[in-house]
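*Asks:* Compact mmCIF, N, CA and C atoms, file input_19.txt:
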```
# COMPACT_ATOMS: atom_id res chain seq x y z
N MET A 1303 89.24 54.26 151.58
CA MET A 1303 89.85 53.53 150.49
C MET A 1303 89.13 53.88 149.18
N LYS A 1304 89.90 54.31 148.19
CA LYS A 1304 89.34 54.62 146.88
C LYS A 1304 89.08 53.34 146.11
N CYS A 1305 87.97 53.31 145.37
CA CYS A 1305 87.61 52.15 144.56
C CYS A 1305 88.01 52.42 143.11
N HIS A 1306 89.04 51.71 142.65
CA HIS A 1306 89.52 51.88 141.29
C HIS A 1306 88.41 51.57 140.28
N ALA A 1307 87.70 50.47 140.46
CA ALA A 1307 86.64 50.08 139.53
C ALA A 1307 85.52 51.11 139.53
N THR A 1308 85.18 51.65 140.67
CA THR A 1308 84.12 52.65 140.75
C THR A 1308 84.51 53.92 140.01
N ASN A 1309 85.77 54.32 140.10
CA ASN A 1309 86.22 55.51 139.38
C ASN A 1309 86.15 55.30 137.87
N ILE A 1310 86.54 54.13 137.41
CA ILE A 1310 86.45 53.82 135.98
C ILE A 1310 84.98 53.82 135.56
N LEU A 1311 84.13 53.17 136.35
CA LEU A 1311 82.70 53.13 136.04
C LEU A 1311 82.11 54.53 136.05
N ARG A 1312 82.49 55.36 137.01
CA ARG A 1312 81.98 56.73 137.09
C ARG A 1312 82.33 57.51 135.82
N MET A 1313 83.58 57.42 135.38
CA MET A 1313 84.00 58.14 134.16
C MET A 1313 83.26 57.60 132.93
N TYR A 1314 83.13 56.28 132.85
CA TYR A 1314 82.43 55.65 131.73
C TYR A 1314 80.97 56.08 131.69
N LEU A 1315 80.29 56.04 132.83
CA LEU A 1315 78.88 56.43 132.88
C LEU A 1315 78.69 57.92 132.60
N CYS A 1316 79.62 58.73 133.02
CA CYS A 1316 79.54 60.17 132.75
C CYS A 1316 79.63 60.42 131.25
N LEU A 1317 80.60 59.79 130.60
CA LEU A 1317 80.75 59.94 129.16
C LEU A 1317 79.54 59.36 128.42
N LEU A 1318 79.10 58.19 128.84
CA LEU A 1318 77.94 57.55 128.21
C LEU A 1318 76.67 58.37 128.42
N GLY A 1319 76.44 58.85 129.63
CA GLY A 1319 75.25 59.65 129.92
C GLY A 1319 75.22 60.94 129.12
N ALA A 1320 76.35 61.63 129.04
CA ALA A 1320 76.42 62.87 128.27
C ALA A 1320 76.21 62.58 126.78
N SER A 1321 76.78 61.48 126.30
CA SER A 1321 76.64 61.11 124.88
C SER A 1321 75.19 60.76 124.54
N LEU A 1322 74.55 59.98 125.42
CA LEU A 1322 73.15 59.62 125.19
C LEU A 1322 72.27 60.85 125.19
N LEU A 1323 72.50 61.74 126.15
CA LEU A 1323 71.72 62.97 126.23
C LEU A 1323 71.89 63.81 124.96
N LEU A 1324 73.12 63.96 124.52
CA LEU A 1324 73.41 64.75 123.32
C LEU A 1324 72.80 64.10 122.08
N GLN A 1325 73.00 62.80 121.91
CA GLN A 1325 72.49 62.08 120.74
C GLN A 1325 70.97 62.15 120.68
N GLY A 1326 70.33 61.90 121.80
CA GLY A 1326 68.86 61.93 121.84
C GLY A 1326 68.31 63.31 121.56
N THR A 1327 68.94 64.32 122.13
CA THR A 1327 68.48 65.70 121.94
C THR A 1327 68.64 66.13 120.49
N ILE A 1328 69.80 65.85 119.89
CA ILE A 1328 70.01 66.22 118.49
C ILE A 1328 69.03 65.47 117.59
N SER A 1329 68.81 64.19 117.87
CA SER A 1329 67.86 63.40 117.07
C SER A 1329 66.47 64.02 117.11
N LEU A 1330 66.01 64.40 118.30
CA LEU A 1330 64.68 65.01 118.40
C LEU A 1330 64.61 66.36 117.70
N ILE A 1331 65.63 67.17 117.87
CA ILE A 1331 65.63 68.50 117.23
C ILE A 1331 65.61 68.36 115.71
N LEU A 1332 66.45 67.47 115.17
CA LEU A 1332 66.46 67.29 113.71
C LEU A 1332 65.13 66.77 113.19
N ARG A 1333 64.48 65.91 113.97
CA ARG A 1333 63.18 65.38 113.55
C ARG A 1333 62.13 66.48 113.61
N ILE A 1334 62.16 67.33 114.65
CA ILE A 1334 61.16 68.39 114.79
C ILE A 1334 61.29 69.42 113.67
N ILE A 1335 62.52 69.80 113.34
CA ILE A 1335 62.70 70.81 112.30
C ILE A 1335 62.84 70.18 110.91
N GLU A 1336 62.67 68.88 110.85
CA GLU A 1336 62.63 68.12 109.60
C GLU A 1336 63.87 68.32 108.73
N ILE A 1337 65.04 68.21 109.36
CA ILE A 1337 66.31 68.28 108.64
C ILE A 1337 66.95 66.90 108.72
N PRO A 1338 67.33 66.31 107.59
CA PRO A 1338 67.99 65.00 107.64
C PRO A 1338 69.38 65.14 108.29
N PRO A 1339 69.81 64.10 109.01
CA PRO A 1339 71.13 64.18 109.65
C PRO A 1339 72.24 64.21 108.61
N PRO A 1340 73.34 64.88 108.91
CA PRO A 1340 74.46 64.92 107.97
C PRO A 1340 75.00 63.50 107.71
N ALA A 1341 75.52 63.27 106.51
CA ALA A 1341 76.00 61.94 106.11
C ALA A 1341 77.12 61.44 107.02
N PHE A 1342 77.98 62.34 107.52
CA PHE A 1342 79.12 61.89 108.32
C PHE A 1342 78.72 61.26 109.65
N THR A 1343 77.47 61.43 110.06
CA THR A 1343 77.03 60.83 111.32
C THR A 1343 76.62 59.37 111.18
N LEU A 1344 76.60 58.87 109.93
CA LEU A 1344 76.26 57.46 109.66
C LEU A 1344 74.94 57.07 110.32
N ASN A 1345 73.97 57.98 110.29
CA ASN A 1345 72.64 57.76 110.86
C ASN A 1345 72.63 57.58 112.38
N SER A 1346 73.72 57.90 113.05
CA SER A 1346 73.76 57.72 114.50
C SER A 1346 72.89 58.73 115.24
N ILE A 1347 72.49 59.80 114.57
CA ILE A 1347 71.60 60.77 115.22
C ILE A 1347 70.24 60.80 114.52
N ASN A 1348 69.82 59.66 114.05
CA ASN A 1348 68.55 59.57 113.34
C ASN A 1348 67.58 58.65 114.07
N ALA A 1349 67.57 58.71 115.38
CA ALA A 1349 66.70 57.83 116.17
C ALA A 1349 65.25 58.28 116.05
N ASP A 1350 64.36 57.30 116.14
CA ASP A 1350 62.94 57.65 116.18
C ASP A 1350 62.67 58.38 117.50
N PRO A 1351 61.55 59.12 117.58
CA PRO A 1351 61.30 59.95 118.78
C PRO A 1351 61.29 59.16 120.09
N LEU A 1352 60.70 57.97 120.12
CA LEU A 1352 60.67 57.19 121.36
C LEU A 1352 62.07 56.75 121.75
N HIS A 1353 62.84 56.29 120.79
CA HIS A 1353 64.21 55.84 121.06
C HIS A 1353 65.07 57.02 121.52
N ALA A 1354 64.91 58.17 120.86
CA ALA A 1354 65.66 59.37 121.27
C ALA A 1354 65.28 59.78 122.69
N THR A 1355 64.00 59.66 123.03
CA THR A 1355 63.55 60.00 124.38
C THR A 1355 64.15 59.05 125.42
N ILE A 1356 64.25 57.78 125.09
CA ILE A 1356 64.89 56.81 126.00
C ILE A 1356 66.34 57.22 126.25
N HIS A 1357 67.04 57.63 125.19
CA HIS A 1357 68.43 58.07 125.37
C HIS A 1357 68.51 59.32 126.25
N ILE A 1358 67.60 60.26 126.04
CA ILE A 1358 67.60 61.48 126.85
C ILE A 1358 67.34 61.15 128.32
N VAL A 1359 66.34 60.32 128.57
CA VAL A 1359 66.00 59.97 129.96
C VAL A 1359 67.18 59.26 130.63
N TRP A 1360 67.75 58.26 129.97
CA TRP A 1360 68.90 57.57 130.57
C TRP A 1360 70.07 58.52 130.79
N GLY A 1361 70.32 59.41 129.83
CA GLY A 1361 71.41 60.38 129.99
C GLY A 1361 71.19 61.26 131.21
N LEU A 1362 69.97 61.78 131.36
CA LEU A 1362 69.65 62.63 132.52
C LEU A 1362 69.75 61.86 133.83
N VAL A 1363 69.23 60.63 133.86
CA VAL A 1363 69.29 59.81 135.07
C VAL A 1363 70.74 59.54 135.45
N MET A 1364 71.55 59.16 134.47
CA MET A 1364 72.97 58.88 134.76
C MET A 1364 73.66 60.11 135.34
N LEU A 1365 73.50 61.24 134.69
CA LEU A 1365 74.19 62.44 135.16
C LEU A 1365 73.67 62.88 136.54
N ALA A 1366 72.37 62.75 136.78
CA ALA A 1366 71.82 63.12 138.09
C ALA A 1366 72.35 62.21 139.19
N VAL A 1367 72.39 60.91 138.95
CA VAL A 1367 72.90 59.98 139.96
C VAL A 1367 74.39 60.23 140.20
N LEU A 1368 75.14 60.51 139.14
CA LEU A 1368 76.57 60.76 139.31
C LEU A 1368 76.83 62.04 140.09
N VAL A 1369 76.00 63.06 139.89
CA VAL A 1369 76.15 64.30 140.66
C VAL A 1369 75.91 64.03 142.15
N ASP A 1370 74.95 63.18 142.43
CA ASP A 1370 74.58 62.86 143.82
C ASP A 1370 75.38 61.69 144.40
N ALA A 1371 76.27 61.11 143.62
CA ALA A 1371 76.95 59.86 144.03
C ALA A 1371 77.88 60.05 145.24
N ARG A 1372 78.45 61.20 145.41
CA ARG A 1372 79.35 61.40 146.56
C ARG A 1372 78.60 61.19 147.87
N ARG A 1373 77.34 61.62 147.89
CA ARG A 1373 76.53 61.46 149.10
C ARG A 1373 76.08 60.01 149.26
N ARG A 1374 75.72 59.38 148.16
CA ARG A 1374 75.17 58.02 148.20
C ARG A 1374 76.22 56.93 148.29
N GLY A 1375 77.42 57.18 147.77
CA GLY A 1375 78.50 56.21 147.85
C GLY A 1375 78.67 55.39 146.57
N PRO A 1376 79.74 54.58 146.53
CA PRO A 1376 80.09 53.85 145.31
C PRO A 1376 79.07 52.79 144.90
N ARG A 1377 78.33 52.26 145.84
CA ARG A 1377 77.35 51.23 145.48
C ARG A 1377 76.21 51.81 144.64
N ALA A 1378 75.89 53.09 144.82
CA ALA A 1378 74.85 53.73 144.00
C ALA A 1378 75.27 53.80 142.54
N ILE A 1379 76.55 54.08 142.32
CA ILE A 1379 77.06 54.12 140.94
C ILE A 1379 77.00 52.73 140.33
N ALA A 1380 77.41 51.72 141.09
CA ALA A 1380 77.36 50.35 140.58
C ALA A 1380 75.93 49.91 140.31
N LEU A 1381 75.00 50.28 141.18
CA LEU A 1381 73.60 49.92 140.98
C LEU A 1381 73.03 50.59 139.72
N LEU A 1382 73.38 51.84 139.50
CA LEU A 1382 72.98 52.54 138.28
C LEU A 1382 73.48 51.78 137.05
N GLY A 1383 74.74 51.38 137.08
CA GLY A 1383 75.31 50.65 135.96
C GLY A 1383 74.66 49.30 135.75
N LEU A 1384 74.34 48.61 136.84
CA LEU A 1384 73.67 47.31 136.72
C LEU A 1384 72.30 47.47 136.06
N CYS A 1385 71.56 48.49 136.48
CA CYS A 1385 70.23 48.73 135.90
C CYS A 1385 70.34 49.10 134.42
N PHE A 1386 71.25 50.01 134.10
CA PHE A 1386 71.42 50.42 132.71
C PHE A 1386 71.87 49.24 131.85
N GLY A 1387 72.87 48.51 132.32
CA GLY A 1387 73.38 47.38 131.55
C GLY A 1387 72.31 46.34 131.27
N ALA A 1388 71.53 46.01 132.28
CA ALA A 1388 70.46 45.02 132.10
C ALA A 1388 69.40 45.55 131.13
N PHE A 1389 69.04 46.82 131.26
CA PHE A 1389 68.04 47.42 130.37
C PHE A 1389 68.52 47.37 128.92
N TYR A 1390 69.78 47.74 128.68
CA TYR A 1390 70.28 47.80 127.31
C TYR A 1390 70.53 46.42 126.72
N ILE A 1391 70.87 45.44 127.54
CA ILE A 1391 70.95 44.07 127.05
C ILE A 1391 69.55 43.61 126.64
N GLY A 1392 68.55 43.92 127.45
CA GLY A 1392 67.17 43.60 127.10
C GLY A 1392 66.74 44.28 125.81
N LEU A 1393 67.12 45.54 125.65
CA LEU A 1393 66.78 46.29 124.44
C LEU A 1393 67.46 45.66 123.22
N ALA A 1394 68.70 45.24 123.38
CA ALA A 1394 69.43 44.60 122.28
C ALA A 1394 68.76 43.29 121.89
N LEU A 1395 68.38 42.49 122.88
CA LEU A 1395 67.72 41.22 122.59
C LEU A 1395 66.37 41.44 121.91
N LEU A 1396 65.60 42.42 122.41
CA LEU A 1396 64.33 42.74 121.77
C LEU A 1396 64.53 43.17 120.31
N GLY A 1397 65.57 43.95 120.08
CA GLY A 1397 65.84 44.44 118.73
C GLY A 1397 66.21 43.33 117.77
N VAL A 1398 66.80 42.26 118.28
CA VAL A 1398 67.17 41.13 117.44
C VAL A 1398 66.00 40.17 117.26
N LEU A 1399 65.24 39.97 118.31
CA LEU A 1399 64.18 38.96 118.28
C LEU A 1399 62.85 39.46 117.71
N ILE A 1400 62.60 40.76 117.82
CA ILE A 1400 61.31 41.32 117.39
C ILE A 1400 61.58 42.49 116.45
N TYR A 1401 60.88 42.52 115.35
CA TYR A 1401 61.05 43.63 114.40
C TYR A 1401 60.43 44.90 114.97
N HIS A 1402 61.26 45.89 115.22
CA HIS A 1402 60.85 47.20 115.74
C HIS A 1402 59.91 47.08 116.95
N PRO A 1403 60.42 46.52 118.07
CA PRO A 1403 59.58 46.33 119.26
C PRO A 1403 59.08 47.66 119.82
N PHE A 1404 57.83 47.68 120.24
CA PHE A 1404 57.20 48.87 120.84
C PHE A 1404 57.29 50.09 119.93
N GLY A 1405 57.45 49.87 118.63
CA GLY A 1405 57.58 50.99 117.70
C GLY A 1405 58.98 51.58 117.64
N LEU A 1406 59.92 51.00 118.36
CA LEU A 1406 61.31 51.49 118.32
C LEU A 1406 61.98 50.98 117.05
N ARG A 1407 62.61 51.88 116.32
CA ARG A 1407 63.32 51.48 115.11
C ARG A 1407 64.71 51.00 115.52
N LEU A 1408 64.79 49.71 115.84
CA LEU A 1408 66.05 49.10 116.26
C LEU A 1408 66.58 48.25 115.12
N ASP A 1409 67.52 48.80 114.39
CA ASP A 1409 68.12 48.09 113.26
C ASP A 1409 69.55 47.69 113.63
N LEU A 1410 70.33 47.26 112.66
CA LEU A 1410 71.66 46.71 112.93
C LEU A 1410 72.53 47.65 113.77
N GLY A 1411 72.61 48.92 113.39
CA GLY A 1411 73.46 49.86 114.11
C GLY A 1411 73.05 50.04 115.56
N GLU A 1412 71.76 50.17 115.78
CA GLU A 1412 71.25 50.33 117.15
C GLU A 1412 71.50 49.07 117.97
N ASN A 1413 71.25 47.91 117.36
CA ASN A 1413 71.46 46.65 118.09
C ASN A 1413 72.93 46.45 118.43
N LEU A 1414 73.83 46.79 117.51
CA LEU A 1414 75.26 46.68 117.80
C LEU A 1414 75.66 47.60 118.96
N PHE A 1415 75.13 48.82 118.95
CA PHE A 1415 75.42 49.76 120.04
C PHE A 1415 74.91 49.20 121.36
N HIS A 1416 73.67 48.69 121.37
CA HIS A 1416 73.10 48.16 122.61
C HIS A 1416 73.85 46.92 123.08
N PHE A 1417 74.26 46.05 122.15
CA PHE A 1417 75.03 44.87 122.53
C PHE A 1417 76.44 45.23 122.99
N ALA A 1418 76.96 46.37 122.57
CA ALA A 1418 78.29 46.80 123.03
C ALA A 1418 78.21 47.47 124.40
N CYS A 1419 77.31 48.45 124.55
CA CYS A 1419 77.30 49.21 125.81
C CYS A 1419 76.59 48.47 126.94
N GLY A 1420 75.61 47.64 126.65
CA GLY A 1420 74.91 46.90 127.72
C GLY A 1420 75.83 45.97 128.49
N PRO A 1421 76.45 44.98 127.83
CA PRO A 1421 77.34 44.07 128.55
C PRO A 1421 78.58 44.77 129.14
N THR A 1422 79.11 45.77 128.42
CA THR A 1422 80.27 46.50 128.95
C THR A 1422 79.91 47.19 130.27
N THR A 1423 78.76 47.86 130.29
CA THR A 1423 78.31 48.54 131.50
C THR A 1423 78.04 47.54 132.61
N LEU A 1424 77.42 46.42 132.26
CA LEU A 1424 77.12 45.39 133.26
C LEU A 1424 78.41 44.84 133.86
N ALA A 1425 79.40 44.54 133.03
CA ALA A 1425 80.67 43.99 133.52
C ALA A 1425 81.40 44.99 134.43
N LEU A 1426 81.48 46.25 133.99
CA LEU A 1426 82.13 47.27 134.83
C LEU A 1426 81.38 47.45 136.15
N SER A 1427 80.07 47.36 136.11
CA SER A 1427 79.26 47.55 137.32
C SER A 1427 79.43 46.39 138.30
N ILE A 1428 79.50 45.18 137.79
CA ILE A 1428 79.74 44.01 138.66
C ILE A 1428 81.11 44.13 139.31
N TRP A 1429 82.10 44.54 138.54
CA TRP A 1429 83.44 44.74 139.08
C TRP A 1429 83.42 45.81 140.18
N ALA A 1430 82.74 46.93 139.91
CA ALA A 1430 82.67 48.01 140.91
C ALA A 1430 81.88 47.57 142.14
N MET A 1431 80.80 46.81 141.95
CA MET A 1431 79.99 46.34 143.08
C MET A 1431 80.81 45.41 143.97
N ASN A 1432 81.61 44.54 143.36
CA ASN A 1432 82.44 43.62 144.13
C ASN A 1432 83.57 44.32 144.86
N GLU A 1433 84.02 45.44 144.33
CA GLU A 1433 85.12 46.18 144.95
C GLU A 1433 84.64 47.20 145.99
N ALA A 1434 83.38 47.62 145.88
CA ALA A 1434 82.85 48.66 146.77
C ALA A 1434 82.71 48.12 148.19
N PRO A 1435 83.03 48.95 149.17
CA PRO A 1435 82.84 48.52 150.56
C PRO A 1435 81.37 48.34 150.89
N GLU A 1436 81.11 47.43 151.79
CA GLU A 1436 79.73 47.21 152.25
C GLU A 1436 79.25 48.46 152.98
N PRO A 1437 77.97 48.83 152.80
CA PRO A 1437 77.46 50.00 153.53
C PRO A 1437 77.42 49.72 155.02
N LYS A 1438 77.69 50.77 155.79
CA LYS A 1438 77.65 50.62 157.24
C LYS A 1438 76.21 50.59 157.70
N PRO A 1439 75.88 49.70 158.62
CA PRO A 1439 74.50 49.64 159.10
C PRO A 1439 74.14 50.92 159.88
N SER A 1440 72.90 51.31 159.72
CA SER A 1440 72.42 52.52 160.38
C SER A 1440 71.97 52.16 161.80
N LEU A 1441 72.29 53.03 162.73
CA LEU A 1441 71.90 52.82 164.12
C LEU A 1441 70.65 53.62 164.47
N GLU A 1442 70.08 54.29 163.46
CA GLU A 1442 68.89 55.10 163.71
C GLU A 1442 67.68 54.22 163.99
N ILE A 1443 66.85 54.68 164.90
CA ILE A 1443 65.60 53.97 165.22
C ILE A 1443 64.46 54.80 164.66
N HIS A 1444 63.65 54.17 163.80
CA HIS A 1444 62.51 54.86 163.19
C HIS A 1444 61.24 54.48 163.92
N ASN A 1445 60.43 55.47 164.25
CA ASN A 1445 59.16 55.21 164.92
C ASN A 1445 58.06 55.01 163.93
```
Let me see whether you can do it: turn the structure in this file into structure tokens.

*Replies:*
Amino acid sequence: MKCHATNILRMYLCLLGASLLLQGTISLILRIIEIPPPAFTLNSINADPLHATIHIVWGLVMLAVLVDARRRGPRAIALLGLCFGAFYIGLALLGVLIYHPFGLRLDLGENLFHFACGPTTLALSIWAMNEAPEPKPSLEIHN
């Protein structure tokens, strides 16, 4: 049985992971070569190095889990989304409650992004988790 919610979540996480990887990479490159981002990007690729690194790591993790998801099953995709959603909701709350937490430059644009993608990912992941079939118990005996 195909999981409709899991397919939607898979496509969403693939797009989000690729976007985070691209945004973080461009931000780091522009910072290293000391070129200001073009005006049309509305500062969306002007992340501080730590924040850009977080985007790169999450992008790589998402894409790696999605590549391996066929072997692991739909619950792995939902678990990835639950972790990401919770992390980004936490990041959004930190950005609102604490001025530049851990040295991360989290201003209005970053907080809006985190408040948009965190809960959206969490909601899609809960939907996919509820729709995913329960894993079959293993009959293997480990010594």

*Asks:* Of the residues A:Phe1386, A:His1353, A:Ile1379, A:His1402, which is the one nearest to A:Ile1310, using only C-alpha atoms?

*Replies:*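 Looking only at the distances to A:Ile1310, the closest residue turns out to be A:Ile1379.
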
*Asks:* Residues at most 6 Å from A:Gly1326, counting only C-alpha atoms, excluding those fewer than 5 positions away in the same chain, as number ranges by chain?

*Replies:* A: 1354, 1357-1358

*Asks:* Export, as a short mmCIF file (atom, residue, chain, number, x, y, z; two decimals), in the coordinates of the input, the selected residues with N, CA and C atoms.

*Replies:*
```cif
data_model
loop_
_atom_site.label_atom_id
_atom_site.label_comp_id
_atom_site.auth_asym_id
_atom_site.auth_seq_id
_atom_site.Cartn_x
_atom_site.Cartn_y
_atom_site.Cartn_z
N ALA A 1354 64.91 58.17 120.86
CA ALA A 1354 65.66 59.37 121.27
C ALA A 1354 65.28 59.78 122.69
N HIS A 1357 67.04 57.63 125.19
CA HIS A 1357 68.43 58.07 125.37
C HIS A 1357 68.51 59.32 126.25
N ILE A 1358 67.60 60.26 126.04
CA ILE A 1358 67.60 61.48 126.85
C ILE A 1358 67.34 61.15 128.32
#
```

*Asks:* Give me the residues within 12 Å of A:Arg1372 as a ChimeraX atom specification, counting only C-alpha atoms and dropping any in the same chain fewer than 6 places off.

*Replies:* /A:1308-1309,1312,1366,1378-1379

*Asks:* Applying 10 Å and only C-alpha atoms, which residues near A:Gly1375 remain after dropping the ones on its own chain fewer than 6 positions away? List them as an MDAnalysis selection string.

*Replies:* chainID A and resid 1308 1368 1434:1435 1437

*Asks:* Could you please determine the separation between atom CA of A:Leu1382 and atom CA of A:Leu1362 in Å, to one decimal place?

*Replies:*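 Here the two named atoms are 12.1 Å from each other.
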
*Asks:* Output as a PyMOL selection string all residues of stretch 1305-1441 of chain A that backbone DSSP marks as helix (DSSP H, G or I).

*Replies:* chain A and resi 1306-1334+1341-1343+1351-1374+1376-1399+1403-1405+1410-1433

*Asks:* Got a sec: who's within 6.5 Å of A:Met1431, counting only N, CA and C atoms, leaving out chain neighbours fewer than 4 positions off, as a VMD selection string?

*Replies:* chain A and resid 1377 1380 1426 to 1427

*Asks:* State, in Å with one decimal place, the distance from atom CA of A:Trp1429 to atom C of A:Phe1417.

*Replies:* 17.6 Å

*Asks:* Report, in Å with one decimal, the straight-line distance from atom CA of A:Ala1388 to atom CA of A:Thr1422.

*Replies:*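 Separating atom CA of A:Ala1388 from atom CA of A:Thr1422 is a distance of 10.4 Å.
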
*Asks:* Pick the closest to A:Val1363 from A:Pro1403, A:Gly1319, A:Pro1376, A:Gly1383: which is it, counting only C-alpha atoms?

*Replies:* A:Gly1319
